[in-house]
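Structure file final.cif; described as mmCIF, C-alpha atoms and all ligand atoms.
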```cif
data_final
loop_
_atom_site.label_atom_id
_atom_site.label_comp_id
_atom_site.auth_asym_id
_atom_site.auth_seq_id
_atom_site.Cartn_x
_atom_site.Cartn_y
_atom_site.Cartn_z
CA MET A 1 5.87 -5.27 33.10
CA LYS A 2 5.57 -8.86 31.93
CA PHE A 3 3.89 -10.06 28.72
CA LYS A 4 4.48 -13.30 26.88
CA TYR A 5 3.99 -11.50 23.55
CA VAL A 6 4.96 -7.96 22.63
CA VAL A 7 4.07 -6.52 19.21
CA VAL A 8 5.87 -3.44 17.88
CA GLY A 9 3.57 -1.47 15.58
CA ALA A 10 -0.23 -1.21 15.49
CA GLY A 11 -0.49 -1.36 11.69
CA LEU A 12 -2.46 -4.08 9.95
CA SER A 13 0.30 -6.66 10.40
CA GLY A 14 0.71 -6.01 14.13
CA LEU A 15 -3.02 -5.93 14.78
CA THR A 16 -3.60 -9.18 12.87
CA ILE A 17 -1.06 -11.12 14.87
CA ALA A 18 -2.17 -9.57 18.16
CA GLU A 19 -5.78 -10.51 17.34
CA ARG A 20 -4.79 -14.13 16.71
CA ILE A 21 -2.71 -14.36 19.89
CA ALA A 22 -5.52 -12.99 22.04
CA ASN A 23 -8.50 -14.67 20.38
CA GLU A 24 -7.03 -18.03 19.42
CA LEU A 25 -4.44 -18.61 22.13
CA ASP A 26 -6.22 -16.61 24.82
CA GLU A 27 -2.91 -15.01 25.80
CA GLU A 28 -2.12 -11.46 26.91
CA VAL A 29 -0.38 -9.31 24.32
CA LEU A 30 1.07 -5.82 24.44
CA ILE A 31 1.23 -3.60 21.35
CA ILE A 32 3.62 -0.64 21.37
CA GLU A 33 2.93 2.01 18.73
CA LYS A 34 4.85 5.20 18.17
CA ARG A 35 2.07 7.12 16.43
CA PRO A 36 -0.92 8.51 18.35
CA HIS A 37 -3.34 6.05 16.69
CA ILE A 38 -3.77 2.45 15.62
CA GLY A 39 -3.99 1.25 12.01
CA GLY A 40 -0.59 2.41 10.74
CA ASN A 41 -0.95 3.54 7.16
CA ILE A 42 -4.55 2.37 6.81
CA TYR A 43 -5.75 4.77 9.52
CA ASP A 44 -8.77 6.84 8.52
CA SER A 45 -10.62 9.57 10.40
CA TYR A 46 -13.37 12.16 10.00
CA LYS A 47 -12.46 15.64 8.83
CA GLU A 48 -15.29 18.16 8.67
CA GLY A 49 -17.77 15.27 8.66
CA ILE A 50 -16.12 13.42 5.78
CA LEU A 51 -14.20 10.16 6.21
CA ILE A 52 -10.69 10.57 4.85
CA GLN A 53 -7.76 8.18 4.69
CA ASN A 54 -4.96 10.08 6.37
CA TYR A 55 -2.19 8.15 4.61
CA GLY A 56 -3.59 8.00 1.12
CA PRO A 57 -6.20 5.96 -0.75
CA HIS A 58 -6.48 2.33 0.34
CA ILE A 59 -8.66 -0.08 -1.60
CA PHE A 60 -8.95 -3.58 -0.26
CA HIS A 61 -8.57 -6.25 -2.94
CA THR A 62 -7.54 -9.86 -2.85
CA LYS A 63 -7.81 -13.22 -4.56
CA ASP A 64 -7.27 -14.91 -1.23
CA LYS A 65 -10.44 -16.29 0.33
CA GLU A 66 -8.78 -16.89 3.71
CA VAL A 67 -7.71 -13.24 3.99
CA TYR A 68 -11.09 -11.96 2.82
CA GLU A 69 -12.95 -14.15 5.30
CA TYR A 70 -10.55 -13.26 8.07
CA LEU A 71 -11.11 -9.49 7.68
CA SER A 72 -14.83 -9.97 7.09
CA GLN A 73 -15.11 -10.99 10.75
CA PHE A 74 -14.32 -7.38 11.64
CA THR A 75 -16.11 -5.40 8.98
CA GLU A 76 -18.86 -5.44 6.43
CA TRP A 77 -17.90 -4.19 2.99
CA HIS A 78 -19.02 -1.29 0.86
CA GLU A 79 -19.03 -2.74 -2.63
CA TYR A 80 -16.61 -0.64 -4.59
CA VAL A 81 -14.74 -1.34 -7.80
CA HIS A 82 -11.70 0.89 -8.21
CA ARG A 83 -11.28 2.78 -11.49
CA VAL A 84 -8.50 5.28 -12.14
CA LEU A 85 -8.17 7.92 -14.83
CA SER A 86 -4.87 9.42 -15.90
CA TYR A 87 -4.62 13.02 -17.09
CA VAL A 88 -2.54 13.01 -20.27
CA ASP A 89 -2.42 15.52 -23.15
CA GLY A 90 -5.48 17.31 -21.74
CA LYS A 91 -7.54 14.09 -21.68
CA LEU A 92 -8.60 11.70 -18.94
CA VAL A 93 -7.76 8.17 -20.03
CA PRO A 94 -8.39 4.88 -18.22
CA MET A 95 -5.48 3.37 -16.30
CA PRO A 96 -4.31 0.53 -16.55
CA ILE A 97 -3.82 0.33 -20.30
CA CYS A 98 -6.71 -1.30 -22.14
CA ILE A 99 -8.45 -0.77 -25.49
CA ASP A 100 -10.28 2.29 -24.15
CA THR A 101 -7.01 3.91 -23.04
CA LEU A 102 -5.53 3.80 -26.52
CA ASN A 103 -8.77 4.83 -28.22
CA LYS A 104 -9.10 7.88 -26.01
CA LEU A 105 -5.42 8.81 -26.01
CA TYR A 106 -4.90 8.55 -29.78
CA ASP A 107 -8.47 9.08 -31.06
CA LEU A 108 -8.60 5.54 -32.43
CA ASP A 109 -11.34 2.97 -32.75
CA LEU A 110 -9.45 -0.20 -31.90
CA ASP A 111 -10.97 -3.52 -30.96
CA GLU A 112 -9.16 -6.46 -29.42
CA GLU A 113 -7.59 -7.65 -32.68
CA SER A 114 -6.53 -4.22 -33.90
CA MET A 115 -5.14 -3.33 -30.46
CA LYS A 116 -2.92 -6.40 -30.66
CA GLU A 117 -1.70 -5.26 -34.09
CA TYR A 118 -1.17 -1.72 -32.83
CA ILE A 119 0.87 -2.87 -29.85
CA ALA A 120 2.84 -5.35 -31.96
CA ASN A 121 3.97 -2.38 -34.09
CA VAL A 122 4.99 -0.10 -31.23
CA LYS A 123 6.38 -2.42 -28.58
CA GLU A 124 10.15 -2.67 -28.27
CA ASP A 125 12.13 -5.79 -28.78
CA ILE A 126 13.61 -6.05 -25.30
CA GLY A 127 15.16 -9.42 -24.51
CA GLU A 128 15.36 -10.00 -20.81
CA ILE A 129 13.32 -7.59 -18.70
CA LYS A 130 15.69 -5.97 -16.21
CA SER A 131 13.80 -2.92 -15.00
CA SER A 132 10.40 -1.32 -14.68
CA GLU A 133 11.15 0.73 -17.80
CA ASP A 134 11.70 -2.50 -19.76
CA VAL A 135 8.30 -3.79 -18.64
CA VAL A 136 6.45 -0.96 -20.37
CA LEU A 137 8.69 -0.73 -23.42
CA LYS A 138 8.27 -4.44 -24.02
CA ASN A 139 4.51 -4.48 -23.42
CA ALA A 140 3.41 -1.18 -24.90
CA GLY A 141 6.28 0.76 -26.50
CA ARG A 142 7.95 4.12 -25.92
CA ASP A 143 5.14 6.61 -26.47
CA ILE A 144 2.88 4.96 -23.91
CA TYR A 145 5.86 4.71 -21.57
CA GLU A 146 6.59 8.41 -21.93
CA LYS A 147 2.99 9.59 -21.66
CA LEU A 148 1.73 7.41 -18.81
CA PHE A 149 4.60 5.88 -16.87
CA LYS A 150 7.92 7.68 -17.19
CA ASN A 151 7.19 10.88 -15.30
CA TYR A 152 4.75 9.39 -12.81
CA THR A 153 7.40 6.88 -11.81
CA GLU A 154 10.11 9.54 -11.56
CA LYS A 155 7.88 11.60 -9.30
CA GLN A 156 6.80 8.64 -7.20
CA TRP A 157 10.27 7.18 -6.66
CA GLY A 158 12.64 10.09 -7.32
CA THR A 159 14.49 8.00 -9.89
CA SER A 160 14.00 6.64 -13.40
CA ALA A 161 11.96 3.49 -13.98
CA ALA A 162 15.17 2.19 -15.57
CA ASN A 163 16.65 1.95 -12.05
CA LEU A 164 13.67 0.23 -10.46
CA ASP A 165 13.02 -3.46 -10.12
CA SER A 166 10.61 -4.77 -12.74
CA SER A 167 8.17 -5.77 -9.98
CA VAL A 168 7.16 -2.11 -9.48
CA ILE A 169 5.48 -1.45 -12.82
CA SER A 170 4.55 -5.12 -13.19
CA ARG A 171 1.90 -4.34 -10.57
CA ILE A 172 -0.01 -2.66 -13.41
CA PRO A 173 -1.59 -5.03 -15.95
CA PHE A 174 -1.74 -4.46 -19.74
CA ARG A 175 -5.07 -5.56 -21.15
CA PHE A 176 -6.37 -6.23 -24.63
CA ASN A 177 -10.00 -5.79 -23.64
CA HIS A 178 -12.40 -3.17 -22.26
CA ASP A 179 -11.80 -3.97 -18.59
CA THR A 180 -11.13 -0.58 -16.96
CA ARG A 181 -11.00 -1.87 -13.38
CA TYR A 182 -7.75 -1.12 -11.54
CA PHE A 183 -7.81 -4.53 -9.84
CA GLU A 184 -9.07 -7.85 -11.16
CA ASP A 185 -9.30 -9.60 -7.80
CA LYS A 186 -12.41 -11.53 -6.89
CA TYR A 187 -12.81 -9.75 -3.56
CA GLN A 188 -12.63 -5.97 -3.53
CA GLY A 189 -14.24 -3.20 -1.56
CA MET A 190 -13.96 -0.76 1.31
CA PRO A 191 -14.70 -1.43 4.98
CA LYS A 192 -18.23 -0.10 5.43
CA GLU A 193 -17.42 2.00 8.48
CA GLY A 194 -13.80 2.63 7.56
CA TYR A 195 -10.43 1.00 8.27
CA THR A 196 -10.01 2.43 11.76
CA LYS A 197 -13.32 0.94 12.83
CA MET A 198 -12.25 -2.41 11.34
CA CYS A 199 -8.97 -2.18 13.26
CA GLU A 200 -10.77 -1.33 16.48
CA ASN A 201 -12.97 -4.40 16.01
CA MET A 202 -9.87 -6.57 15.50
CA ILE A 203 -8.52 -5.74 18.93
CA LYS A 204 -11.74 -5.81 20.94
CA ASN A 205 -10.37 -8.22 23.50
CA ASN A 206 -9.20 -7.14 26.93
CA LYS A 207 -6.18 -9.41 26.60
CA ILE A 208 -4.84 -6.89 24.05
CA HIS A 209 -3.10 -3.90 25.62
CA ILE A 210 -1.84 -0.91 23.69
CA ILE A 211 0.63 1.82 24.43
CA LEU A 212 0.46 4.65 21.85
CA ASN A 213 2.87 7.55 21.27
CA THR A 214 5.82 5.39 22.25
CA ASP A 215 8.88 4.24 20.37
CA TYR A 216 9.42 0.65 21.54
CA LYS A 217 13.08 1.35 22.24
CA GLU A 218 12.05 3.72 25.03
CA VAL A 219 10.30 0.97 26.99
CA ILE A 220 11.38 -2.44 25.77
CA ASP A 221 14.14 -2.89 28.37
CA ASP A 222 11.54 -2.59 31.12
CA ILE A 223 9.36 -5.36 29.72
CA GLU A 224 9.85 -9.07 30.23
CA TYR A 225 8.66 -11.07 27.24
CA GLU A 226 9.13 -14.37 25.48
CA LYS A 227 8.44 -13.33 21.88
CA LEU A 228 8.72 -9.97 20.19
CA ILE A 229 6.82 -9.41 16.96
CA TYR A 230 8.40 -6.52 15.11
CA THR A 231 6.64 -4.63 12.27
CA GLY A 232 8.70 -1.42 12.12
CA PRO A 233 11.57 -0.56 9.75
CA ILE A 234 14.17 -3.34 9.87
CA ASP A 235 17.24 -1.09 9.72
CA TYR A 236 16.03 0.72 12.85
CA PHE A 237 15.69 -2.60 14.67
CA TYR A 238 19.38 -3.31 14.05
CA ASP A 239 20.48 0.29 14.78
CA ASN A 240 21.34 0.75 11.08
CA LYS A 241 24.19 -1.74 11.49
CA PHE A 242 24.58 -2.18 7.73
CA GLY A 243 23.52 1.37 6.90
CA LYS A 244 20.08 2.84 6.45
CA LEU A 245 17.57 1.27 4.12
CA LEU A 246 15.66 3.68 1.96
CA TYR A 247 11.89 3.99 2.36
CA ARG A 248 9.92 6.27 0.05
CA SER A 249 7.40 8.45 1.83
CA LEU A 250 4.59 10.78 0.88
CA LYS A 251 3.31 14.13 2.05
CA PHE A 252 -0.48 14.11 2.05
CA VAL A 253 -2.20 17.45 1.49
CA THR A 254 -5.98 17.68 1.78
CA GLU A 255 -8.27 20.38 0.40
CA THR A 256 -11.94 20.95 1.12
CA HIS A 257 -14.08 22.11 -1.78
CA ASP A 258 -17.63 23.43 -1.64
CA LEU A 259 -18.71 21.09 -4.38
CA TYR A 260 -20.77 17.94 -4.42
CA SER A 261 -18.28 16.27 -6.76
CA TYR A 262 -14.68 17.28 -7.58
CA GLN A 263 -13.68 14.74 -10.22
CA GLU A 264 -15.15 11.90 -12.27
CA VAL A 265 -13.64 9.01 -10.31
CA ALA A 266 -12.06 8.46 -6.89
CA VAL A 267 -8.47 8.68 -8.16
CA VAL A 268 -7.02 10.72 -11.01
CA ASN A 269 -3.31 10.32 -11.78
CA TYR A 270 -1.19 13.22 -13.04
CA PRO A 271 1.88 11.68 -14.66
CA ASN A 272 3.11 14.78 -16.48
CA ASP A 273 1.67 17.78 -14.62
CA HIS A 274 2.22 19.09 -11.08
CA ASP A 275 4.54 17.86 -8.31
CA PHE A 276 1.91 15.55 -6.86
CA THR A 277 1.22 12.15 -8.38
CA ARG A 278 -2.51 11.83 -7.93
CA ILE A 279 -5.69 13.31 -6.50
CA THR A 280 -8.07 11.20 -4.45
CA GLU A 281 -11.64 12.24 -3.73
CA PHE A 282 -12.63 10.31 -0.64
CA LYS A 283 -16.43 10.34 -0.95
CA LYS A 284 -16.07 8.45 -4.22
CA LEU A 285 -14.04 5.72 -2.51
CA THR A 286 -16.14 5.27 0.56
CA GLY A 287 -19.56 5.93 -0.96
CA GLN A 288 -20.27 8.49 1.74
CA GLU A 289 -23.00 10.97 0.80
CA TYR A 290 -22.37 14.57 1.79
CA PRO A 291 -24.10 17.53 0.17
CA ASN A 292 -22.13 20.43 -1.31
CA LYS A 293 -18.78 19.55 0.18
CA THR A 294 -16.00 17.18 -0.74
CA ILE A 295 -12.43 16.53 0.44
CA ILE A 296 -9.59 15.68 -1.89
CA MET A 297 -5.98 14.67 -1.23
CA LYS A 298 -2.82 15.31 -3.22
CA GLU A 299 0.22 13.09 -2.70
CA TYR A 300 3.72 14.59 -2.86
CA PRO A 301 6.45 11.94 -2.82
CA GLY A 302 9.67 12.43 -0.86
CA PHE A 303 11.84 10.80 1.79
CA ASP A 304 11.06 12.84 4.90
CA ASP A 305 7.71 11.64 6.24
CA GLU A 306 6.44 8.29 7.57
CA PRO A 307 8.05 5.38 5.67
CA CYS A 308 5.56 4.10 3.11
CA TYR A 309 7.38 2.01 0.51
CA PRO A 310 10.50 -0.16 0.57
CA TYR A 311 12.82 1.10 -2.15
CA PRO A 312 13.05 -1.51 -4.92
CA THR A 313 16.51 -0.98 -6.39
CA GLU A 314 19.41 -3.46 -6.50
CA GLU A 315 21.34 -1.43 -3.94
CA TYR A 316 18.64 -1.63 -1.28
CA LYS A 317 17.58 -5.15 -2.12
CA ASN A 318 21.19 -6.20 -1.47
CA LYS A 319 21.44 -4.18 1.70
CA PHE A 320 18.24 -5.80 2.95
CA LYS A 321 19.78 -9.24 2.32
CA GLN A 322 22.43 -8.41 4.92
CA TYR A 323 19.74 -7.64 7.47
CA LYS A 324 17.81 -10.75 6.43
CA LYS A 325 20.73 -12.96 7.46
CA LEU A 326 20.47 -11.56 10.99
CA MET A 327 16.68 -11.80 10.99
CA ASP A 328 16.84 -15.50 10.09
CA LYS A 329 19.00 -16.20 13.13
CA GLU A 330 16.63 -14.63 15.66
CA ASN A 331 14.75 -17.14 17.80
CA ASP A 332 12.66 -14.80 19.89
CA VAL A 333 11.77 -12.19 17.31
CA ILE A 334 9.29 -12.53 14.45
CA PHE A 335 9.42 -9.98 11.64
CA ILE A 336 6.29 -9.21 9.66
CA GLY A 337 4.87 -6.39 7.53
CA ARG A 338 5.89 -3.98 4.82
CA LEU A 339 8.66 -2.25 6.75
CA ALA A 340 10.22 -5.20 8.56
CA GLU A 341 10.11 -7.63 5.62
CA TYR A 342 11.00 -4.75 3.27
CA LYS A 343 8.39 -5.90 0.76
CA TYR A 344 5.96 -3.91 -1.36
CA TYR A 345 3.01 -5.70 0.26
CA ASN A 346 -0.60 -4.80 -0.30
CA MET A 347 -2.91 -5.12 2.68
CA ASP A 348 -3.97 -8.66 1.82
CA LEU A 349 -0.37 -9.88 1.77
CA VAL A 350 0.33 -8.17 5.06
CA VAL A 351 -2.58 -10.06 6.61
CA LYS A 352 -1.47 -13.29 4.95
CA SER A 353 2.07 -12.90 6.22
CA ALA A 354 0.82 -12.23 9.77
CA LEU A 355 -1.57 -15.21 9.68
CA ASN A 356 1.21 -17.48 8.41
CA ALA A 357 3.64 -16.23 11.05
CA PHE A 358 1.03 -16.94 13.69
CA LYS A 359 0.40 -20.46 12.40
CA ASN A 360 4.02 -21.40 11.81
CA LYS A 361 5.98 -19.52 14.44
CA ILE A 362 3.62 -18.94 17.35
CA LYS A 363 0.93 -21.60 17.41
CA GLU A 364 3.15 -24.43 16.10
P1 LIG B 401 2.39 0.02 8.73
O1 LIG B 401 0.99 0.35 8.42
O2 LIG B 401 3.46 0.95 8.29
O3 LIG B 401 2.50 -0.22 10.28
C1 LIG B 401 3.71 -0.26 10.99
C2 LIG B 401 3.46 0.43 12.32
O4 LIG B 401 4.64 0.33 13.13
C3 LIG B 401 3.16 1.91 12.14
O5 LIG B 401 1.95 2.24 12.79
C4 LIG B 401 4.36 2.60 12.79
O6 LIG B 401 4.05 3.84 13.38
C5 LIG B 401 4.80 1.57 13.81
N1 LIG B 401 6.20 1.69 14.20
C6 LIG B 401 7.25 1.84 13.37
N2 LIG B 401 8.39 1.96 14.09
C7 LIG B 401 8.03 1.87 15.39
C8 LIG B 401 8.76 1.94 16.60
N3 LIG B 401 10.07 2.17 16.62
N4 LIG B 401 8.09 1.81 17.77
C9 LIG B 401 6.74 1.64 17.78
N5 LIG B 401 6.00 1.58 16.65
C10 LIG B 401 6.64 1.69 15.48
N6 LIG B 401 -2.59 -1.72 0.05
C11 LIG B 401 -3.68 -2.24 -0.55
O7 LIG B 401 -3.97 -3.44 -0.39
N7 LIG B 401 -4.51 -1.46 -1.32
C12 LIG B 401 -4.26 -0.13 -1.51
O8 LIG B 401 -5.02 0.54 -2.23
C13 LIG B 401 -3.11 0.43 -0.91
N8 LIG B 401 -2.83 1.73 -1.09
C14 LIG B 401 -1.75 2.27 -0.47
C15 LIG B 401 -1.52 3.63 -0.63
C16 LIG B 401 -0.46 4.23 0.01
C17 LIG B 401 -0.24 5.70 -0.16
C18 LIG B 401 0.41 3.43 0.80
C19 LIG B 401 1.59 4.06 1.50
C20 LIG B 401 0.20 2.09 0.97
C21 LIG B 401 -0.89 1.48 0.33
N9 LIG B 401 -1.18 0.13 0.51
C22 LIG B 401 -2.28 -0.42 -0.10
C23 LIG B 401 -0.33 -0.74 1.35
C24 LIG B 401 -0.78 -0.81 2.81
O9 LIG B 401 -0.73 0.48 3.38
C25 LIG B 401 0.16 -1.73 3.57
O10 LIG B 401 0.19 -3.01 2.98
C26 LIG B 401 -0.18 -1.91 5.05
O11 LIG B 401 -0.75 -0.78 5.64
C27 LIG B 401 1.08 -2.27 5.78
O12 LIG B 401 0.82 -2.60 7.12
P2 LIG B 401 2.03 -2.82 8.10
O13 LIG B 401 1.46 -3.16 9.43
O14 LIG B 401 3.00 -3.77 7.52
O15 LIG B 401 2.81 -1.43 8.13
N1 LIG B 402 2.60 3.89 -12.37
C1 LIG B 402 2.79 4.81 -13.38
N2 LIG B 402 1.72 5.55 -13.81
C2 LIG B 402 0.50 5.44 -13.26
C3 LIG B 402 0.31 4.51 -12.23
C4 LIG B 402 1.39 3.76 -11.79
O1 LIG B 402 3.88 4.97 -13.89
O2 LIG B 402 -0.43 6.15 -13.69
C5 LIG B 402 3.76 3.09 -11.92
C6 LIG B 402 4.53 3.79 -10.80
O3 LIG B 402 5.90 3.46 -10.93
C7 LIG B 402 3.96 3.12 -9.57
C8 LIG B 402 3.78 1.69 -10.06
O4 LIG B 402 3.34 1.84 -11.42
O5 LIG B 402 4.84 3.20 -8.48
C9 LIG B 402 2.79 0.86 -9.30
O6 LIG B 402 1.55 1.54 -9.28
P1 LIG B 402 0.46 1.21 -8.16
O7 LIG B 402 -0.77 1.94 -8.47
O8 LIG B 402 0.39 -0.26 -7.99
O9 LIG B 402 1.18 1.83 -6.88
P2 LIG B 402 0.61 2.07 -5.41
O10 LIG B 402 0.10 3.47 -5.41
O11 LIG B 402 -0.44 1.04 -5.16
O12 LIG B 402 1.81 1.87 -4.55
#
```
Spit out the file's structure as structure tokens when you get a sec.
Amino acid sequence: MKFKYVVVGAGLSGLTIAERIANELDEEVLIIEKRPHIGGNIYDSYKEGILIQNYGPHIFHTKDKEVYEYLSQFTEWHEYVHRVLSYVDGKLVPMPICIDTLNKLYDLDLDEESMKEYIANVKEDIGEIKSSEDVVLKNAGRDIYEKLFKNYTEKQWGTSAANLDSSVISRIPFRFNHDTRYFEDKYQGMPKEGYTKMCENMIKNNKIHIILNTDYKEVIDDIEYEKLIYTGPIDYFYDNKFGKLLYRSLKFVTETHDLYSYQEVAVVNYPNDHDFTRITEFKKLTGQEYPNKTIIMKEYPGFDDEPCYPYPTEEYKNKFKQYKKLMDKENDVIFIGRLAEYKYYNMDLVVKSALNAFKNKIKE
């Protein structure tokens, strides 16, 4: 087989770059994907008539107009603003922290000014922020850390927030207002017909060829190519030369309930109860109407399933740097995506990274 471009991985990063190669350069491109479907972790499918996201809840949100307009070529959007509640001390409180969180959690009646005073009294005097634990202690103090962040983070990552890079919990804002949205981005929503449909639309070009159910290492020696675009785990690419990188994974367990509605909002977090981190009710994310039945998903973190998250500790950041030196020397391989770049990318940044790689390393 001969293809000028071969893409490893049919996740959002691989599909974006393949779409650009086929539609802008009018070149043939082969995608090799080890799973039985396209979309990677954004894959969704119907179960008992209800659209579920097989690898956990995905809400599209971005500040980036280019990314929003790029994906809008392949989908219309269901207008959805994500709101999360966290189950703490028998109450459901808004997450991220805002005035309403504290009022509900502590039975208070704070406004913006009095919340500032409250936080000023409880926050800890941490100098330089060195970890995710420091982020919360410095912004909101120990009780909020212990009630809302400590145990959730230990479940999610299998280690204390004190060992995790500050960037992890810095994803969550602290607000002195009544804004209970999870994301503040200008553009947010869900693909109207789902992510898989959006992905299918991205690769509707007969110059794009796909082989599913195949690890690229099984076939790559039989393919002649000029450029390889790799979106899989970077340690695997280099045969674990510097040792394995850690990727956190999740086990996703769905339940069907004969109810119209299971919970108040699409996602409820359980920091201190159960082994799972959160429950997602899909109809509330997608806006799908379905009488007397709903499907929920519980997420159990571990290390044994599909790699989901790069592991943001010093040890693995340093190990990745060793791989990065090799990556930078490659002329015929382009590395993009969450697993290859070992970055905690949201979907918009994955698309951005693929579009930039296309512009700077392929089109040039
Ligand atoms: P992936 O989707 O992992 O794709 C990589 C592909 O490569 C996979 O299909 C894999 O099977 C394939 N592959 C790997 N190795 C090989 C091999 N050897 N041979 C062939 N194929 C291979 N982002 C948001 O913006 N909003 C959200 O709400 C959000 N929620 C999330 C919730 C969860 C539970 C998770 C895990 C992630 C979430 N994300 C969210 C992030 C989002 O999933 C990623 O940014 C995005 O899917 C990454 O795309 P990717 O192509 O880089 O990686
Ligand atoms: N987090 C937490 N409690 C929560 C929600 C999040 O402690 O109720 C922490 C946890 O460490 C998590 C991080 O904040 O990994 C980032 O949360 P986010 O929702 O951005 O993670 P995602 O699910 O998008 O990866």
| task | List the neighbours of segment 295-304 of chain A out to 9 Å using all atoms listed in the file; skip same-chain residues closer than 2 positions along the sequence, and give me the result as a VMD selection string. | result | chain A and resid 47 to 48 50 to 54 56 to 57 155 to 158 246 to 258 262 275 to 283 293 306 to 307
| task | Pick out the closest residue to Asn139 of chain A from this set: A:Ile21, A:Cys98, A:Met190, A:Cys199. Count all atoms listed in the file. | result |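 For Asn139 of chain A, the nearest of the given residues is A:Cys98.
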| Got a sec to check which residues lie within 7 Å of ligand LIG 402 (chain B), using all atoms listed in the file, and send them as a ChimeraX atom specification? | /A:86,95,148-153,156-157,161,168-169,171-172,269,271
| field | Within-8 Å residues of ligand LIG 401 (chain B), basis all atoms listed in the file, as number ranges by chain | value | A: 8-15, 32-35, 37-42, 55-62, 213-217, 231-233, 236-237, 249-250, 299, 306-309, 336-340, 344-350
| query | With all atoms listed in the file as the atoms that count, which of A:Asp64, A:Glu314, A:Asp185, A:Asp328 lies nearest to Lys130 of chain A? | reply | A:Glu314
